[in-house]
file query-v9.txt (compact mmCIF, C-alpha atoms)
# COMPACT_ATOMS: atom_id res chain seq x y z
CA MET A 1 84.87 91.73 134.56
CA THR A 2 86.90 88.94 133.01
CA GLU A 3 90.57 88.89 133.97
CA VAL A 4 92.92 89.00 130.96
CA GLN A 5 96.21 87.13 131.22
CA LEU A 6 99.12 87.19 128.80
CA LEU A 7 101.24 84.04 128.98
CA LEU A 8 104.59 83.43 127.28
CA ILE A 9 105.11 79.73 126.60
CA LEU A 10 108.51 78.43 125.59
CA ASN A 11 108.35 75.24 123.60
CA PRO A 12 111.86 73.86 122.96
CA ASP A 13 112.13 72.27 119.56
CA GLU A 14 115.20 70.08 119.94
CA ARG A 15 117.18 68.76 117.02
CA ILE A 16 120.51 66.99 116.74
CA ASN A 17 123.39 68.94 115.22
CA HIS A 18 126.88 67.36 115.10
CA ASN A 19 126.06 65.01 118.02
CA LYS A 20 124.99 67.93 120.18
CA VAL A 21 121.44 68.78 121.16
CA GLN A 22 120.54 72.21 119.90
CA THR A 23 117.50 74.04 121.22
CA THR A 24 115.66 76.50 119.03
CA PRO A 25 113.08 78.57 120.94
CA VAL A 26 109.61 78.58 119.41
CA TYR A 27 107.58 81.30 121.04
CA SER A 28 103.82 81.07 121.48
CA PHE A 29 101.67 83.89 122.78
CA LEU A 30 98.39 82.82 124.35
CA ILE A 31 95.70 85.40 125.16
CA HIS A 32 93.25 83.92 127.62
CA THR A 33 89.92 85.49 128.59
CA GLY A 34 88.11 82.53 130.05
CA LYS A 35 88.36 80.77 126.69
CA LEU A 36 91.04 80.39 124.04
CA LEU A 37 90.91 83.30 121.60
CA SER A 38 94.04 82.98 119.46
CA ILE A 39 97.52 81.51 119.36
CA PHE A 40 100.44 83.06 117.50
CA ILE A 41 103.35 80.68 116.83
CA ARG A 42 106.71 81.61 115.35
CA GLY A 43 108.26 78.64 113.64
CA HIS A 44 111.87 79.83 113.75
CA PHE A 45 114.22 81.93 115.83
CA LEU A 46 114.61 85.54 114.68
CA HIS A 47 118.36 85.57 115.20
CA GLY A 48 118.90 82.90 112.59
CA PRO A 49 119.97 79.28 112.79
CA TYR A 50 122.77 78.26 115.10
CA PRO A 51 125.77 77.96 112.76
CA ALA A 52 127.48 74.64 112.31
CA THR A 53 130.74 74.58 114.25
CA HIS A 54 132.36 71.65 112.42
CA PHE A 55 134.12 72.57 109.19
CA GLY A 56 134.99 69.66 106.98
CA PRO A 57 136.14 66.31 108.37
CA LYS A 58 138.61 67.52 111.02
CA ALA A 59 138.14 71.20 111.94
CA CYS A 60 135.80 72.75 114.48
CA VAL A 61 135.43 75.74 116.77
CA LEU A 62 137.29 75.37 120.04
CA PRO A 63 134.58 74.88 122.72
CA ASN A 64 134.26 77.67 125.25
CA PRO A 65 133.13 76.40 128.67
CA THR A 66 131.97 79.90 129.67
CA SER A 67 129.51 80.19 126.75
CA VAL A 68 125.80 80.37 127.63
CA MET A 69 123.14 78.54 125.59
CA HIS A 70 125.76 77.57 122.98
CA ILE A 71 126.24 81.22 121.98
CA GLN A 72 129.91 82.15 122.07
CA ASP A 73 131.47 85.56 122.22
CA PRO A 74 132.73 86.05 118.63
CA ALA A 75 136.06 87.26 119.99
CA SER A 76 136.57 83.84 121.61
CA GLN A 77 136.08 81.85 118.40
CA ARG A 78 139.27 79.83 117.96
CA LEU A 79 140.04 77.06 115.52
CA THR A 80 141.12 73.65 116.72
CA TRP A 81 141.75 70.31 115.02
CA SER A 82 140.29 67.02 116.22
CA LYS A 83 142.91 65.28 114.04
CA PRO A 84 145.90 66.67 112.11
CA PRO A 85 144.80 67.98 108.71
CA LEU A 86 145.88 65.83 105.78
CA ASN A 87 144.11 67.17 102.66
CA VAL A 88 144.48 70.77 101.54
CA LEU A 89 142.66 72.46 98.67
CA VAL A 90 144.67 75.21 96.98
CA ILE A 91 142.65 77.69 94.91
CA ARG A 92 144.56 79.98 92.60
CA LYS A 93 143.30 82.95 90.65
CA ILE A 94 143.37 81.91 86.99
CA ARG A 95 144.60 83.99 84.06
CA ASP A 96 147.19 85.70 86.26
CA GLU A 97 150.76 84.66 85.52
CA THR A 98 152.11 86.63 88.50
CA LEU A 99 150.65 83.89 90.73
CA LEU A 100 152.49 81.01 89.10
CA GLU A 101 155.58 81.22 91.31
CA PRO A 102 153.64 81.65 94.59
CA PHE A 103 151.41 78.73 93.57
CA LYS A 104 154.35 76.43 92.85
CA GLU A 105 156.16 77.51 96.02
CA LEU A 106 153.11 76.86 98.21
CA CYS A 107 152.39 73.46 96.65
CA ARG A 108 155.98 72.29 97.08
CA PHE A 109 155.95 73.43 100.69
CA LEU A 110 152.71 71.57 101.47
CA VAL A 111 153.71 68.36 99.69
CA GLU A 112 157.45 68.08 100.38
CA GLU A 113 157.77 69.72 103.79
CA LYS A 114 154.34 69.26 105.38
CA HIS A 115 153.69 65.87 103.66
CA LEU A 116 150.08 66.77 102.81
CA MET A 117 147.79 65.73 99.99
CA VAL A 118 147.15 68.82 97.84
CA TYR A 119 144.04 69.19 95.70
CA VAL A 120 143.91 71.69 92.83
CA GLU A 121 141.46 72.31 90.03
CA LYS A 122 142.36 70.55 86.77
CA LYS A 123 142.23 73.72 84.70
CA VAL A 124 144.79 75.30 87.04
CA VAL A 125 147.45 72.62 86.53
CA ASP A 126 146.62 72.49 82.81
CA ASP A 127 147.58 76.14 82.49
CA GLY A 128 149.83 76.64 79.48
CA SER A 129 152.59 78.32 81.50
CA LEU A 130 152.71 75.43 83.97
CA MET A 131 152.64 72.85 81.18
CA ARG A 132 155.74 74.45 79.66
CA ASP A 133 157.55 74.49 83.02
CA ASP A 134 159.84 71.44 83.02
CA SER A 135 160.65 71.81 86.73
CA PHE A 136 156.95 71.58 87.61
CA SER A 137 155.96 68.83 85.17
CA ALA A 138 157.33 66.04 87.37
CA PHE A 139 155.88 67.55 90.52
CA ARG A 140 152.37 68.00 89.11
CA ASN A 141 151.80 64.23 89.19
CA GLN A 142 151.83 64.42 92.99
CA LEU A 143 148.81 66.75 92.98
CA CYS A 144 145.21 65.56 93.09
CA THR A 145 143.02 67.27 90.51
CA PHE A 146 139.26 67.76 90.31
CA ARG A 147 136.72 69.39 88.01
CA GLU A 148 133.98 71.66 89.28
CA GLY A 149 130.56 70.13 88.74
CA PHE A 150 131.97 66.65 88.12
CA ASP A 151 134.02 65.69 91.18
CA ASP A 152 132.72 66.02 94.74
CA ILE A 153 135.53 66.87 97.16
CA SER A 154 133.37 68.31 99.95
CA ASP A 155 133.93 65.37 102.32
CA CYS A 156 137.69 65.03 102.03
CA ILE A 157 139.11 68.57 102.33
CA ASP A 158 140.46 69.66 105.71
CA LEU A 159 141.74 73.15 104.85
CA ILE A 160 141.35 75.61 101.96
CA ILE A 161 144.14 78.00 100.97
CA CYS A 162 143.30 80.78 98.51
CA LEU A 163 145.82 82.66 96.39
CA GLY A 164 144.37 85.74 94.73
CA GLY A 165 141.63 88.24 95.48
CA ASP A 166 138.17 88.14 97.02
CA GLY A 167 136.87 86.12 94.07
CA THR A 168 138.89 83.09 95.14
CA LEU A 169 137.11 83.04 98.50
CA LEU A 170 133.71 83.34 96.79
CA TYR A 171 134.67 80.48 94.50
CA ALA A 172 135.77 78.35 97.45
CA SER A 173 132.40 78.95 99.09
CA SER A 174 130.56 77.82 95.96
CA LEU A 175 132.39 74.48 95.95
CA PHE A 176 131.00 73.55 99.37
CA GLN A 177 127.22 73.65 99.56
CA GLY A 178 127.24 72.11 103.03
CA SER A 179 129.91 72.28 105.71
CA VAL A 180 132.89 74.41 104.65
CA PRO A 181 136.47 73.67 105.78
CA PRO A 182 138.48 76.55 107.28
CA VAL A 183 139.66 79.05 104.67
CA MET A 184 143.05 80.77 104.75
CA ALA A 185 143.21 83.54 102.13
CA PHE A 186 146.40 85.23 100.92
CA HIS A 187 146.20 88.67 99.36
CA LEU A 188 147.52 88.32 95.81
CA GLY A 189 144.68 89.99 93.92
CA SER A 190 143.44 93.48 93.16
CA LEU A 191 141.25 94.35 96.18
CA GLY A 192 141.82 91.79 98.91
CA PHE A 193 139.11 92.82 101.37
CA LEU A 194 138.53 89.18 102.37
CA THR A 195 142.18 88.08 102.10
CA PRO A 196 144.08 89.27 105.19
CA PHE A 197 147.32 87.24 104.89
CA LYS A 198 150.54 88.38 103.20
CA PHE A 199 152.20 85.70 101.12
CA GLU A 200 155.74 86.73 102.06
CA SER A 201 155.33 84.96 105.42
CA PHE A 202 153.19 82.03 104.25
CA ARG A 203 155.36 79.35 105.88
CA THR A 204 155.05 80.89 109.32
CA GLU A 205 151.34 81.60 108.92
CA VAL A 206 150.51 78.10 107.69
CA ASP A 207 152.45 76.54 110.58
CA LYS A 208 150.45 78.65 113.05
CA VAL A 209 147.17 77.47 111.55
CA PHE A 210 148.23 73.81 111.68
CA GLU A 211 149.13 74.23 115.36
CA GLY A 212 145.53 75.31 116.03
CA ASN A 213 144.06 78.03 118.22
CA ALA A 214 143.85 80.50 115.32
CA ALA A 215 141.18 83.19 115.43
CA ILE A 216 138.34 82.64 112.95
CA ILE A 217 135.37 84.66 111.79
CA LEU A 218 132.20 82.83 110.79
CA ARG A 219 130.94 84.51 107.64
CA SER A 220 127.24 83.73 107.33
CA ARG A 221 125.83 82.60 104.00
CA LEU A 222 122.38 82.81 102.44
CA LYS A 223 120.39 79.68 101.67
CA VAL A 224 118.63 80.43 98.40
CA LYS A 225 115.93 78.52 96.53
CA VAL A 226 114.58 79.37 93.10
CA VAL A 227 111.07 77.95 92.75
CA LYS A 228 109.36 77.85 89.37
CA GLY A 229 105.59 78.04 89.02
CA THR A 230 104.85 78.70 92.69
CA PHE A 231 102.13 81.25 92.11
CA GLN A 232 98.85 81.34 90.27
CA ARG A 233 98.34 84.60 88.47
CA ASN A 234 94.77 85.75 89.01
CA GLU A 235 92.81 88.95 89.48
CA GLN A 236 92.31 88.30 93.22
CA LEU A 237 96.02 88.88 93.83
CA LEU A 238 95.85 92.66 93.74
CA SER A 239 93.10 92.83 96.37
CA ALA A 240 94.93 90.29 98.53
CA GLN A 241 98.15 92.32 98.38
CA GLU A 242 96.33 95.36 99.69
CA ASN A 243 96.03 93.55 103.02
CA GLY A 244 99.76 92.77 102.98
CA ILE A 245 99.24 89.04 103.51
CA LEU A 246 100.10 86.32 101.03
CA PRO A 247 96.93 84.19 100.69
CA HIS A 248 97.33 80.42 100.90
CA ASN A 249 95.23 79.86 97.77
CA HIS A 250 97.72 82.00 95.88
CA ILE A 251 100.35 79.28 96.28
CA ASN A 252 100.24 76.29 94.00
CA ASN A 253 102.22 73.71 95.96
CA GLU A 254 101.87 71.09 93.24
CA ALA A 255 103.14 73.40 90.49
CA GLY A 256 106.07 74.73 92.53
CA LYS A 257 109.36 73.12 91.61
CA ILE A 258 112.75 73.94 93.11
CA THR A 259 115.06 74.40 90.14
CA LEU A 260 118.08 75.77 91.98
CA GLN A 261 119.33 75.65 95.57
CA LEU A 262 122.52 77.46 96.54
CA GLN A 263 124.63 78.73 99.40
CA VAL A 264 125.59 82.36 98.73
CA LEU A 265 128.36 84.22 100.54
CA ASN A 266 127.99 87.80 99.26
CA GLU A 267 124.62 88.60 97.75
CA VAL A 268 121.62 87.72 95.65
CA VAL A 269 120.97 90.39 92.99
CA VAL A 270 117.64 90.78 91.21
CA ASP A 271 117.74 93.30 88.35
CA ARG A 272 115.84 94.32 85.22
CA GLY A 273 118.28 92.69 82.85
CA PRO A 274 118.32 93.95 79.25
CA SER A 275 114.86 95.53 79.52
CA SER A 276 114.47 99.32 79.40
CA TYR A 277 111.50 99.17 81.81
CA LEU A 278 111.79 99.54 85.56
CA SER A 279 112.13 96.35 87.52
CA ASN A 280 108.94 95.74 89.51
CA VAL A 281 109.26 93.00 92.13
CA ASP A 282 107.43 92.27 95.37
CA LEU A 283 109.35 91.63 98.58
CA TYR A 284 107.82 89.36 101.23
CA LEU A 285 109.09 88.76 104.75
CA ASP A 286 107.84 85.59 106.44
CA GLY A 287 104.91 85.46 104.02
CA ARG A 288 103.84 89.08 104.46
CA LEU A 289 104.21 91.61 101.68
CA ILE A 290 106.64 94.31 102.84
CA THR A 291 107.01 96.48 99.76
CA SER A 292 107.33 96.56 96.00
CA VAL A 293 110.67 97.51 94.51
CA GLN A 294 110.45 99.74 91.45
CA GLY A 295 113.86 100.62 90.08
CA ASP A 296 116.85 98.85 88.62
CA GLY A 297 116.56 96.00 91.11
CA VAL A 298 117.28 94.88 94.66
CA ILE A 299 120.26 93.36 96.50
CA VAL A 300 119.85 90.86 99.36
CA SER A 301 123.22 90.51 101.03
CA THR A 302 124.99 89.01 104.01
CA PRO A 303 127.09 91.18 106.34
CA THR A 304 130.12 90.01 104.34
CA GLY A 305 128.41 91.18 101.15
CA SER A 306 127.57 94.57 102.66
CA THR A 307 131.03 95.81 101.63
CA ALA A 308 130.57 94.61 98.02
CA TYR A 309 127.78 95.56 95.58
CA ALA A 310 125.54 96.75 98.42
CA ALA A 311 128.12 99.33 99.52
CA ALA A 312 128.28 100.67 95.96
CA ALA A 313 124.46 100.98 96.03
CA GLY A 314 124.56 103.11 99.20
CA ALA A 315 124.12 100.53 101.97
CA SER A 316 125.81 100.56 105.35
CA MET A 317 128.75 98.27 106.01
CA ILE A 318 128.04 95.57 108.61
CA HIS A 319 130.61 93.56 110.52
CA PRO A 320 130.46 89.88 109.46
CA ASN A 321 129.66 88.71 113.00
CA VAL A 322 126.37 90.66 113.11
CA PRO A 323 123.48 88.21 112.53
CA ALA A 324 121.52 90.05 109.86
CA ILE A 325 120.34 90.19 106.25
CA MET A 326 120.55 93.46 104.33
CA VAL A 327 118.05 94.56 101.68
CA THR A 328 119.32 97.32 99.38
CA PRO A 329 117.41 98.79 96.41
CA ILE A 330 119.33 99.51 93.21
CA CYS A 331 118.49 103.01 91.90
CA PRO A 332 114.91 102.99 93.26
CA HIS A 333 112.43 105.39 91.67
CA SER A 334 111.62 106.75 95.11
CA LEU A 335 113.30 109.38 97.26
CA SER A 336 112.42 107.57 100.51
CA PHE A 337 113.49 103.98 99.79
CA ARG A 338 116.49 103.43 102.02
CA PRO A 339 118.40 100.15 102.64
CA ILE A 340 117.11 98.09 105.56
CA VAL A 341 118.54 95.41 107.85
CA VAL A 342 116.34 92.51 108.98
CA PRO A 343 117.00 89.69 111.49
CA ALA A 344 119.00 86.78 110.18
CA GLY A 345 116.27 84.24 110.93
CA VAL A 346 113.52 85.60 108.69
CA GLU A 347 112.68 84.21 105.26
CA LEU A 348 112.60 86.69 102.41
CA MET A 349 110.78 85.96 99.19
CA ILE A 350 111.03 87.91 95.95
CA THR A 351 108.52 87.59 93.12
CA LEU A 352 107.58 89.58 90.04
CA SER A 353 104.71 91.96 90.72
CA PRO A 354 101.53 90.91 88.89
CA ASP A 355 101.54 94.16 86.91
CA ALA A 356 105.28 94.04 86.08
CA ARG A 357 105.91 94.95 82.42
CA ASN A 358 108.94 92.72 82.03
CA THR A 359 110.71 89.77 83.58
CA ALA A 360 113.65 90.04 85.99
CA TRP A 361 117.08 88.45 86.19
CA VAL A 362 118.82 87.02 89.24
CA SER A 363 122.46 86.15 89.99
CA PHE A 364 124.16 84.60 92.99
CA ASP A 365 127.58 85.98 93.94
CA GLY A 366 127.77 87.07 90.30
CA ARG A 367 127.23 83.54 88.96
CA LYS A 368 124.45 81.29 87.59
CA ARG A 369 122.50 84.23 86.18
CA GLN A 370 118.98 83.31 85.07
CA GLU A 371 115.63 84.82 84.16
CA ILE A 372 112.73 85.08 86.62
CA GLN A 373 109.25 85.06 85.13
CA HIS A 374 105.72 85.52 86.44
CA GLY A 375 104.87 82.73 88.85
CA ASP A 376 108.49 82.18 89.94
CA SER A 377 109.85 83.01 93.37
CA ILE A 378 113.23 83.38 95.09
CA LYS A 379 113.31 82.31 98.75
CA ILE A 380 116.19 83.54 100.89
CA THR A 381 117.17 82.94 104.51
CA THR A 382 120.33 82.55 106.55
CA SER A 383 122.19 79.27 106.13
CA CYS A 384 123.48 77.24 109.07
CA PHE A 385 126.72 76.57 107.13
CA PRO A 386 128.97 79.65 107.42
CA VAL A 387 132.39 80.10 105.88
CA PRO A 388 135.02 79.88 108.67
CA SER A 389 137.55 82.47 107.55
CA ILE A 390 140.87 82.38 109.42
CA CYS A 391 141.95 85.78 110.75
CA CYS A 392 145.45 87.17 110.42
CA HIS A 393 145.20 89.09 113.71
CA ASP A 394 141.65 89.03 115.08
CA LEU A 395 138.16 89.48 113.66
CA VAL A 396 137.87 93.15 114.72
CA TYR A 397 141.31 94.38 113.65
CA ASP A 398 141.21 92.52 110.32
CA TRP A 399 137.87 94.05 109.33
CA PHE A 400 138.77 97.65 110.15
CA ASP A 401 142.18 97.20 108.56
CA SER A 402 140.47 96.05 105.35
CA LEU A 403 138.11 99.04 105.49
CA ALA A 404 141.05 101.41 105.73
CA GLN A 405 143.46 99.71 103.33
CA CYS A 406 141.06 98.50 100.62
CA LEU A 407 138.13 100.92 100.70
CA HIS A 408 139.99 103.92 102.19
CA TRP A 409 137.18 104.32 104.73
CA ASN A 410 137.08 107.81 106.30
CA VAL A 411 140.35 108.87 104.69
CA ARG A 412 140.76 112.63 105.04
CA LYS A 413 143.60 115.06 105.38
CA LYS A 414 144.06 115.83 109.09
CA GLN A 415 142.99 119.23 110.32
CA THR A 416 145.99 121.13 111.69
CA ARG A 417 145.96 122.30 115.28
CA LEU A 418 146.06 125.96 116.14
CA THR A 419 149.40 127.28 117.38
CA ASP A 420 149.72 129.69 120.29
CA ALA A 421 150.66 132.47 117.87
CA ASN A 422 147.51 131.93 115.82
CA ILE A 423 145.35 131.94 118.95
CA GLY A 424 146.90 135.22 120.06
CA THR A 425 146.31 136.80 116.65
CA GLU A 426 142.64 135.77 116.73
CA ASN A 427 142.22 137.24 120.21
CA GLN A 428 143.75 140.55 119.12
CA GLY A 429 141.32 140.67 116.20
CA GLU A 430 138.44 140.45 118.63

call {"tool": "encode", "arguments": {"input": "query-v9.txt", "output": "structure tokens"}}
result
Amino acid sequence: MTEVQLLLILNPDERINHNKVQTTPVYSFLIHTGKLLSIFIRGHFLHGPYPATHFGPKACVLPNPTSVMHIQDPASQRLTWSKPPLNVLVIRKIRDETLLEPFKELCRFLVEEKHLMVYVEKKVVDDGSLMRDDSFSAFRNQLCTFREGFDDISDCIDLIICLGGDGTLLYASSLFQGSVPPVMAFHLGSLGFLTPFKFESFRTEVDKVFEGNAAIILRSRLKVKVVKGTFQRNEQLLSAQENGILPHNHINNEAGKITLQLQVLNEVVVDRGPSSYLSNVDLYLDGRLITSVQGDGVIVSTPTGSTAYAAAAGASMIHPNVPAIMVTPICPHSLSFRPIVVPAGVELMITLSPDARNTAWVSFDGRKRQEIQHGDSIKITTSCFPVPSICCHDLVYDWFDSLAQCLHWNVRKKQTRLTDANIGTENQGE
């Protein structure tokens, strides 16, 4: 009788990341029965890519000598500066006149007291209220302005300060499609789930951040590609899908063209758009058909996005430090379709089902909405460029405080305790 052996072979695939050698395990399973039968190779690590730990030109995560295999305890993630920060990007919520005074106060503090170079968006300083402010007109010449889509500031910003709600943090993320500088967000908006700092003490809080050693939370992002004309529509597709495997001859590599590539902080939403028909899209995981979504659409979100649209659609809320991707159906026409969580390292792909009656629409953090037609695909995986969000207290307290204060999580009137007199009355009734 032939002896059967199961061998686990670890092949380190080393690549350079920020002058450090990073090892990504590639696992191969070899079944040997006197001759080679089959080899199964996973090309990427299930727990997702190792996140970049350098944020902008001067900021990085403080190294922890006790970490094992470059994986740090999230509670030990502290911000440090290799050089003093010089350039600060200030993002202000537009069309909100209540933020004019905090904006001016912060900019004056950074320029006149901290002697920093402050960058602001051109449409912010061109605001009509600021233009009519004589006291600010002379000061505005000391600010550096930029225009989204025209000026690239990704390589010169050391720190981002947001004034407003959660939308300002999402906007800051969209400006940096690679490494993101540390983000300090002040709660001056409507919800403020992602903005833990109070503006009343901004001088003290900013000084603490500049001194270094501040707690940070690495909010993972999704790397998204929209590919046009990837698939050949043919009658063999339906029979191939029955086996749950995407056939290689179904992919037209020459026709496929990447039309959009983005880093997404909250979620990718695929919906039915203006059509009255159900959305009918296929969901693949690492090339294998998982299911078809028939309903209003599907949400693919990060842990940060699990408290946004996904929470409204019935998903669980995941702490941002959990390496995962959440898939949540929107009003599925099925009583058993529940939200699922998959490992951060997988690649999801969404396409229109061959028998779909209409096209679909996709948006990314609520922006860049576009139509998806037959033959197009949306490829989603975890990015190695997270958003380093500076914590007010620590990454655990801040998250639960936001759950309680912003979403009123588990808010209920307390049950009163029984008094001795009530207990005695109940006993007498027995």

call {"tool": "residues_around", "arguments": {"input": "query-v9.txt", "residues": "A:Ala344", "least_positions_apart": "4", "cutoff": "12 Å", "atoms": "only C-alpha atoms", "output": "ChimeraX atom specification"}}
result
/A:44-51,220-223,285-286,300-303,320-327,348,380-384

call {"tool": "write_last_selection", "arguments": {"input": "query-v9.txt", "atoms": "C-alpha atoms", "output": "PDB file, keeping the file's coordinate frame"}}
result
ATOM      1  CA  HIS A  44     111.870  79.830 113.750  1.00  0.00           C
ATOM      2  CA  PHE A  45     114.220  81.930 115.830  1.00  0.00           C
ATOM      3  CA  LEU A  46     114.610  85.540 114.680  1.00  0.00           C
ATOM      4  CA  HIS A  47     118.360  85.570 115.200  1.00  0.00           C
ATOM      5  CA  GLY A  48     118.900  82.900 112.590  1.00  0.00           C
ATOM      6  CA  PRO A  49     119.970  79.280 112.790  1.00  0.00           C
ATOM      7  CA  TYR A  50     122.770  78.260 115.100  1.00  0.00           C
ATOM      8  CA  PRO A  51     125.770  77.960 112.760  1.00  0.00           C
ATOM      9  CA  SER A 220     127.240  83.730 107.330  1.00  0.00           C
ATOM     10  CA  ARG A 221     125.830  82.600 104.000  1.00  0.00           C
ATOM     11  CA  LEU A 222     122.380  82.810 102.440  1.00  0.00           C
ATOM     12  CA  LYS A 223     120.390  79.680 101.670  1.00  0.00           C
ATOM     13  CA  LEU A 285     109.090  88.760 104.750  1.00  0.00           C
ATOM     14  CA  ASP A 286     107.840  85.590 106.440  1.00  0.00           C
ATOM     15  CA  VAL A 300     119.850  90.860  99.360  1.00  0.00           C
ATOM     16  CA  SER A 301     123.220  90.510 101.030  1.00  0.00           C
ATOM     17  CA  THR A 302     124.990  89.010 104.010  1.00  0.00           C
ATOM     18  CA  PRO A 303     127.090  91.180 106.340  1.00  0.00           C
ATOM     19  CA  PRO A 320     130.460  89.880 109.460  1.00  0.00           C
ATOM     20  CA  ASN A 321     129.660  88.710 113.000  1.00  0.00           C
ATOM     21  CA  VAL A 322     126.370  90.660 113.110  1.00  0.00           C
ATOM     22  CA  PRO A 323     123.480  88.210 112.530  1.00  0.00           C
ATOM     23  CA  ALA A 324     121.520  90.050 109.860  1.00  0.00           C
ATOM     24  CA  ILE A 325     120.340  90.190 106.250  1.00  0.00           C
ATOM     25  CA  MET A 326     120.550  93.460 104.330  1.00  0.00           C
ATOM     26  CA  VAL A 327     118.050  94.560 101.680  1.00  0.00           C
ATOM     27  CA  LEU A 348     112.600  86.690 102.410  1.00  0.00           C
ATOM     28  CA  ILE A 380     116.190  83.540 100.890  1.00  0.00           C
ATOM     29  CA  THR A 381     117.170  82.940 104.510  1.00  0.00           C
ATOM     30  CA  THR A 382     120.330  82.550 106.550  1.00  0.00           C
ATOM     31  CA  SER A 383     122.190  79.270 106.130  1.00  0.00           C
ATOM     32  CA  CYS A 384     123.480  77.240 109.070  1.00  0.00           C
TER      33      CYS A 384
END

call {"tool": "residues_near_point", "arguments": {"input": "query-v9.txt", "point": "(143.9, 76.4, 113.0)", "cutoff": "8 Å", "atoms": "only C-alpha atoms", "output": "MDAnalysis selection string"}}
result
chainID A and resid 59 78:81 182 208:215 390

call {"tool": "atom_distance", "arguments": {"input": "query-v9.txt", "atom1": "atom CA of A:Lys58", "atom2": "atom CA of A:Lys83"}}
result
5.7 Å

call {"tool": "residues_around", "arguments": {"input": "query-v9.txt", "residues": "A:Asp355", "least_positions_apart": "3", "cutoff": "10 Å", "atoms": "only C-alpha atoms", "output": "MDAnalysis selection string"}}
result
chainID A and resid 238 280:281 352 358 374

call {"tool": "atom_distance", "arguments": {"input": "query-v9.txt", "atom1": "atom CA of A:Gly295", "atom2": "atom CA of A:Lys257"}}
result
27.9 Å

call {"tool": "atom_distance", "arguments": {"input": "query-v9.txt", "atom1": "atom CA of A:Pro386", "atom2": "atom CA of A:Gly305"}}
result
13.1 Å

call {"tool": "residues_around", "arguments": {"input": "query-v9.txt", "residues": "stretch 119-121 of chain A", "least_positions_apart": "5", "cutoff": "8 Å", "atoms": "all atoms listed in the file", "output": "PyMOL selection string"}}
result
chain A and resi 87-91+143-148

call {"tool": "closest_residue", "arguments": {"input": "query-v9.txt", "among": "A:Asp376, A:Asp401, A:Glu113, A:Asp133", "to": "A:Ile258", "atoms": "only C-alpha atoms"}}
result
A:Asp376

call {"tool": "residues_near_point", "arguments": {"input": "query-v9.txt", "point": "(131.4, 69.6, 96.1)", "cutoff": "7 Å", "atoms": "only C-alpha atoms", "output": "VMD selection string"}}
result
chain A and resid 151 to 154 175 to 177

call {"tool": "closest_residue", "arguments": {"input": "query-v9.txt", "among": "A:Val341, A:Ala52, A:Ile350, A:Ala356", "to": "A:Leu289", "atoms": "all atoms listed in the file"}}
result
A:Ile350

call {"tool": "residues_around", "arguments": {"input": "query-v9.txt", "residues": "A:Pro339", "least_positions_apart": "4", "cutoff": "12 Å", "atoms": "only C-alpha atoms", "output": "VMD selection string"}}
result
chain A and resid 293 298 to 301 306 310 to 317 325 to 332 335

call {"tool": "build_atoms", "arguments": {"input": "query-v9.txt", "residues": "stretch 358-368 of chain A", "atoms": "N, CA and C atoms", "output": "mmCIF file, in the coordinates of the input"}}
result
data_model
loop_
_atom_site.group_PDB
_atom_site.id
_atom_site.type_symbol
_atom_site.label_atom_id
_atom_site.label_comp_id
_atom_site.auth_asym_id
_atom_site.auth_seq_id
_atom_site.Cartn_x
_atom_site.Cartn_y
_atom_site.Cartn_z
ATOM 1 N N ASN A 358 107.873 93.561 82.579
ATOM 2 C CA ASN A 358 108.940 92.720 82.030
ATOM 3 C C ASN A 358 109.361 91.693 83.067
ATOM 4 N N THR A 359 110.168 90.762 82.653
ATOM 5 C CA THR A 359 110.710 89.770 83.580
ATOM 6 C C THR A 359 111.891 90.383 84.329
ATOM 7 N N ALA A 360 112.466 89.608 85.240
ATOM 8 C CA ALA A 360 113.650 90.040 85.990
ATOM 9 C C ALA A 360 114.738 88.984 85.839
ATOM 10 N N TRP A 361 115.939 89.367 86.246
ATOM 11 C CA TRP A 361 117.080 88.450 86.190
ATOM 12 C C TRP A 361 117.716 88.386 87.575
ATOM 13 N N VAL A 362 118.222 87.215 87.919
ATOM 14 C CA VAL A 362 118.820 87.020 89.240
ATOM 15 C C VAL A 362 120.197 86.375 89.084
ATOM 16 N N SER A 363 121.121 86.764 89.944
ATOM 17 C CA SER A 363 122.460 86.150 89.990
ATOM 18 C C SER A 363 122.849 85.938 91.438
ATOM 19 N N PHE A 364 123.779 85.011 91.650
ATOM 20 C CA PHE A 364 124.160 84.600 92.990
ATOM 21 C C PHE A 364 125.681 84.711 93.113
ATOM 22 N N ASP A 365 126.141 85.680 93.876
ATOM 23 C CA ASP A 365 127.580 85.980 93.940
ATOM 24 C C ASP A 365 128.145 86.187 92.536
ATOM 25 N N GLY A 366 127.334 86.778 91.656
ATOM 26 C CA GLY A 366 127.770 87.070 90.300
ATOM 27 C C GLY A 366 127.770 85.874 89.355
ATOM 28 N N ARG A 367 127.218 84.756 89.796
ATOM 29 C CA ARG A 367 127.230 83.540 88.960
ATOM 30 C C ARG A 367 125.813 83.019 88.757
ATOM 31 N N LYS A 368 125.712 82.020 87.849
ATOM 32 C CA LYS A 368 124.450 81.290 87.590
ATOM 33 C C LYS A 368 123.288 82.245 87.317
#
